[in-house]
$ cat coords_11.cif   # mmCIF, C-alpha atoms
data_final
#
loop_
_atom_site.label_atom_id
_atom_site.label_comp_id
_atom_site.auth_asym_id
_atom_site.auth_seq_id
_atom_site.Cartn_x
_atom_site.Cartn_y
_atom_site.Cartn_z
CA MET Q 1 86.54 -6.20 35.95
CA ASN Q 2 86.99 -3.16 38.13
CA LYS Q 3 87.07 0.34 36.76
CA PHE Q 4 90.59 1.36 35.86
CA SER Q 5 90.55 4.10 38.48
CA GLU Q 6 89.67 1.51 41.15
CA LEU Q 7 92.51 -0.88 40.35
CA PRO Q 8 94.85 -1.15 43.32
CA GLU Q 9 98.60 -0.77 43.01
CA LEU Q 10 100.16 -4.23 42.90
CA ASP Q 11 102.60 -5.42 45.53
CA TYR Q 12 105.90 -7.15 44.74
CA ASP Q 13 104.48 -10.71 44.72
CA GLN Q 14 101.62 -9.77 42.42
CA VAL Q 15 104.00 -8.05 40.00
CA GLN Q 16 106.21 -11.15 40.00
CA PHE Q 17 103.15 -13.34 39.32
CA VAL Q 18 102.18 -11.19 36.33
CA ASP Q 19 105.74 -11.00 35.00
CA ASN Q 20 106.32 -14.77 35.29
CA ARG Q 21 103.09 -15.64 33.49
CA MET Q 22 103.50 -13.01 30.80
CA TYR Q 23 107.18 -13.73 30.09
CA SER Q 24 106.31 -17.43 29.71
CA TRP Q 25 103.51 -16.35 27.34
CA GLY Q 26 106.07 -14.28 25.39
CA GLY Q 27 108.31 -17.36 25.19
CA TRP Q 28 105.35 -19.39 23.99
CA ILE Q 29 104.67 -16.87 21.21
CA ASN Q 30 108.35 -16.84 20.21
CA SER Q 31 108.28 -20.65 20.00
CA GLY Q 32 105.82 -20.36 17.08
CA ARG Q 33 102.98 -22.42 18.55
CA LEU Q 34 100.22 -20.15 17.28
CA ASP Q 35 97.73 -21.92 15.07
CA LYS Q 36 94.63 -19.72 15.06
CA PRO Q 37 94.25 -17.69 11.85
CA GLU Q 38 93.69 -14.35 13.61
CA LEU Q 39 96.81 -14.88 15.68
CA ASN Q 40 98.95 -15.99 12.73
CA ILE Q 41 99.00 -12.37 11.54
CA LEU Q 42 100.56 -11.39 14.86
CA TYR Q 43 103.08 -14.22 14.54
CA LYS Q 44 104.09 -13.07 11.05
CA LEU Q 45 104.45 -9.51 12.34
CA MET Q 46 106.55 -10.76 15.24
CA LYS Q 47 108.78 -12.79 12.90
CA SER Q 48 109.42 -9.68 10.76
CA VAL Q 49 111.02 -8.02 13.79
CA GLU Q 50 114.26 -9.62 14.92
CA PRO Q 51 113.66 -11.07 18.41
CA ARG Q 52 116.38 -11.77 20.94
CA ASP Q 53 117.61 -15.35 21.13
CA GLU Q 54 117.31 -16.47 24.71
CA PRO Q 55 117.24 -20.26 25.03
CA SER Q 56 116.48 -20.10 28.75
CA SER Q 57 113.10 -18.40 28.26
CA ALA Q 58 110.26 -20.11 30.06
CA ILE Q 59 107.38 -21.33 27.90
CA CYS Q 60 103.84 -21.85 29.13
CA ASP Q 61 101.69 -24.74 27.96
CA ASP Q 62 99.44 -24.37 24.90
CA GLU Q 63 96.21 -24.15 26.87
CA LEU Q 64 97.42 -21.28 29.06
CA GLY Q 65 99.09 -19.58 26.08
CA MET Q 66 95.89 -19.60 24.03
CA MET Q 67 93.83 -18.36 26.98
CA ILE Q 68 96.24 -15.48 27.58
CA SER Q 69 96.31 -14.62 23.88
CA GLU Q 70 92.54 -14.64 23.61
CA GLN Q 71 91.81 -12.73 26.80
CA ILE Q 72 94.65 -10.31 27.42
CA GLU Q 73 96.00 -9.55 24.00
CA MET Q 74 92.56 -9.08 22.46
CA PHE Q 75 91.51 -6.88 25.41
CA PHE Q 76 94.37 -4.45 24.78
CA LYS Q 77 93.99 -4.66 21.01
CA LYS Q 78 90.31 -3.72 21.35
CA TYR Q 79 90.67 -0.89 23.88
CA ASP Q 80 94.12 0.61 23.44
CA GLU Q 81 96.54 0.01 20.56
CA ARG Q 82 99.31 1.88 22.37
CA MET Q 83 99.09 -0.40 25.38
CA HIS Q 84 98.94 -3.41 23.06
CA PHE Q 85 102.22 -2.26 21.50
CA ILE Q 86 103.74 -1.83 24.97
CA LEU Q 87 102.47 -5.28 26.04
CA PHE Q 88 103.92 -6.99 22.98
CA SER Q 89 107.23 -5.11 23.15
CA TYR Q 90 107.71 -5.63 26.88
CA TYR Q 91 106.76 -9.29 27.24
CA VAL Q 92 107.39 -10.83 23.82
CA HIS Q 93 110.39 -8.83 22.58
CA LYS Q 94 111.62 -8.16 26.14
CA SER Q 95 112.30 -4.50 25.43
CA THR Q 96 113.05 -2.10 28.26
CA SER Q 97 110.75 0.78 29.08
CA ASN Q 98 113.38 3.17 27.71
CA LYS Q 99 113.50 1.39 24.33
CA ILE Q 100 109.69 1.34 24.16
CA ALA Q 101 109.62 5.07 24.97
CA VAL Q 102 112.08 5.77 22.13
CA LYS Q 103 109.90 3.83 19.65
CA LEU Q 104 106.72 5.55 20.81
CA ARG Q 105 108.38 8.97 20.65
CA GLU Q 106 109.27 8.34 16.99
CA ARG Q 107 105.56 7.83 16.27
CA GLU Q 108 104.40 10.71 18.46
CA GLU Q 109 102.47 13.56 16.87
CA PRO Q 110 103.09 17.14 17.98
CA GLN Q 111 100.69 18.12 20.76
CA TYR Q 112 99.82 21.15 22.84
CA MET Q 113 102.09 21.49 25.86
CA GLN Q 114 102.72 24.12 28.52
CA PRO Q 115 105.05 26.74 27.03
CA CYS Q 116 108.35 27.07 28.87
CA ASN Q 117 111.78 28.64 28.27
CA GLY Q 118 110.76 30.11 24.94
CA LYS Q 119 109.67 26.74 23.50
CA ARG Q 120 106.63 26.54 21.27
CA ASP Q 121 103.20 25.52 22.54
CA ILE Q 122 102.88 22.64 20.10
CA ARG Q 123 105.75 20.17 20.12
CA ILE Q 124 106.72 16.51 20.46
CA PRO Q 125 107.16 15.46 24.11
CA CYS Q 126 110.70 14.82 25.33
CA LEU Q 127 112.03 11.30 25.85
CA LYS Q 128 111.76 11.59 29.64
CA THR Q 129 108.05 12.42 29.37
CA CYS Q 130 107.51 9.46 27.03
CA LYS Q 131 109.37 7.16 29.42
CA ARG Q 132 107.22 8.34 32.36
CA ARG Q 133 104.09 7.64 30.31
CA VAL Q 134 105.34 4.16 29.39
CA GLU Q 135 106.13 3.33 33.03
CA LYS Q 136 102.71 4.61 34.11
CA ASP Q 137 101.04 2.55 31.37
CA LEU Q 138 103.07 -0.53 32.39
CA ALA Q 139 101.90 -0.21 35.99
CA LEU Q 140 98.27 0.14 34.88
CA MET Q 141 98.64 -2.68 32.37
CA LYS Q 142 100.07 -5.03 35.01
CA ALA Q 143 97.11 -4.30 37.31
CA ILE Q 144 94.67 -5.05 34.48
CA ILE Q 145 96.58 -8.20 33.49
CA TYR Q 146 96.66 -9.39 37.11
CA ASP Q 147 92.88 -9.14 37.28
CA ILE Q 148 92.48 -11.06 34.02
CA LEU Q 149 95.11 -13.69 34.90
CA ILE Q 150 93.34 -14.55 38.14
CA LYS Q 151 90.12 -15.16 36.17
CA ILE Q 152 92.05 -17.31 33.66
CA GLU Q 153 93.62 -19.38 36.46
CA VAL Q 154 90.18 -19.98 38.00
CA LYS Q 155 88.72 -20.91 34.63
CA LEU Q 156 91.56 -23.36 33.93
CA ALA Q 157 91.16 -24.94 37.39
CA ILE Q 158 87.43 -25.44 36.80
CA GLU Q 159 88.06 -26.99 33.37
CA SER Q 160 90.72 -29.27 34.83
CA GLU Q 161 88.30 -30.39 37.53
CA LYS Q 162 85.63 -31.10 34.90
CA ARG Q 163 88.10 -33.21 32.91
CA LYS Q 164 88.95 -35.26 36.00
CA ASN Q 165 85.25 -35.85 36.67
CA ILE Q 166 84.66 -36.95 33.07
CA LYS Q 167 87.56 -39.42 33.29
CA LYS Q 168 86.11 -40.83 36.51
CA ILE Q 169 82.72 -41.30 34.84
CA ARG Q 170 84.31 -43.11 31.87
CA PHE Q 171 86.07 -45.57 34.20
CA ILE Q 172 82.82 -46.33 36.01
CA TYR Q 173 81.02 -47.41 32.82
#
$ encode --input "coords_11.cif" --output "structure tokens"
Amino acid sequence: MNKFSELPELDYDQVQFVDNRMYSWGGWINSGRLDKPELNILYKLMKSVEPRDEPSSAICDDELGMMISEQIEMFFKKYDERMHFILFSYYVHKSTSNKIAVKLREREEPQYMQPCNGKRDIRIPCLKTCKRRVEKDLALMKAIIYDILIKIEVKLAIESEKRKNIKKIRFIY
């Protein structure tokens, strides 16, 4: 994977590719098809929050869903809990960036900021600042996810090709 500073800004088609795959992954998680023990904890957590009922949500197949869960979700869980929360809220719960910013602001600790208009040096950032940070994190997250999704697609294509070759060998014998 590239360094985060070297990740290019995605164009419209790439963003649509990421959004389509990730929203179908979110639908797959909402369908309750998780069966790995480490992911069941996430499913129980997700069930405790009331998700939106959208019957028209696309659902990916189990193989792609497990690959995305293993690669992408664990990547963000390992490196950045905040981005993991944004990922889960945005794609699984289909929250807007404004709603995510409100939730993150509630958790925000006071921090040092540039004093202005008689305000204190240490304070909680305003909602607009939190929303800007969420949108910036979403853009970075989509670039990272795009990189990982391409590798997943290649890996799935190679595995599919291997399965076809194994079936051909079985028919020969």
$ residues_around --input "coords_11.cif" --residues "segment 71-79 of chain Q" --least-positions-apart "2" --cutoff "12 Å" --atoms "all atoms listed in the file" --output "ChimeraX atom specification"
/Q:1,18,21-22,25-26,29,38-39,42,64-69,81-88,91-92,137,140-153,155
$ closest_residue --input "coords_11.cif" --among "Q:Ser31, Q:Thr129, Q:Ser24, Q:Asn117" --to "Ser97 of chain Q" --atoms "only C-alpha atoms"
Q:Thr129
$ closest_residue --input "coords_11.cif" --among "Q:Leu7, Q:Ile59, Q:Val15, Q:Cys126" --to "Asn30 of chain Q" --atoms "all atoms listed in the file"
Q:Ile59
$ resolve_selection --input "coords_11.cif" --expression "the PyMOL selection byres ((chain Q and resi 105-108) around 7)" --output "ChimeraX atom specification"
/Q:101-104,109-110,124,127,130
$ atom_distance --input "coords_11.cif" --atom1 "atom CA of Ala139 of chain Q" --atom2 "atom CA of Pro8 of chain Q"
10.2 Å
$ atom_distance --input "coords_11.cif" --atom1 "atom CA of Gln114 of chain Q" --atom2 "atom CA of Lys136 of chain Q"
20.3 Å
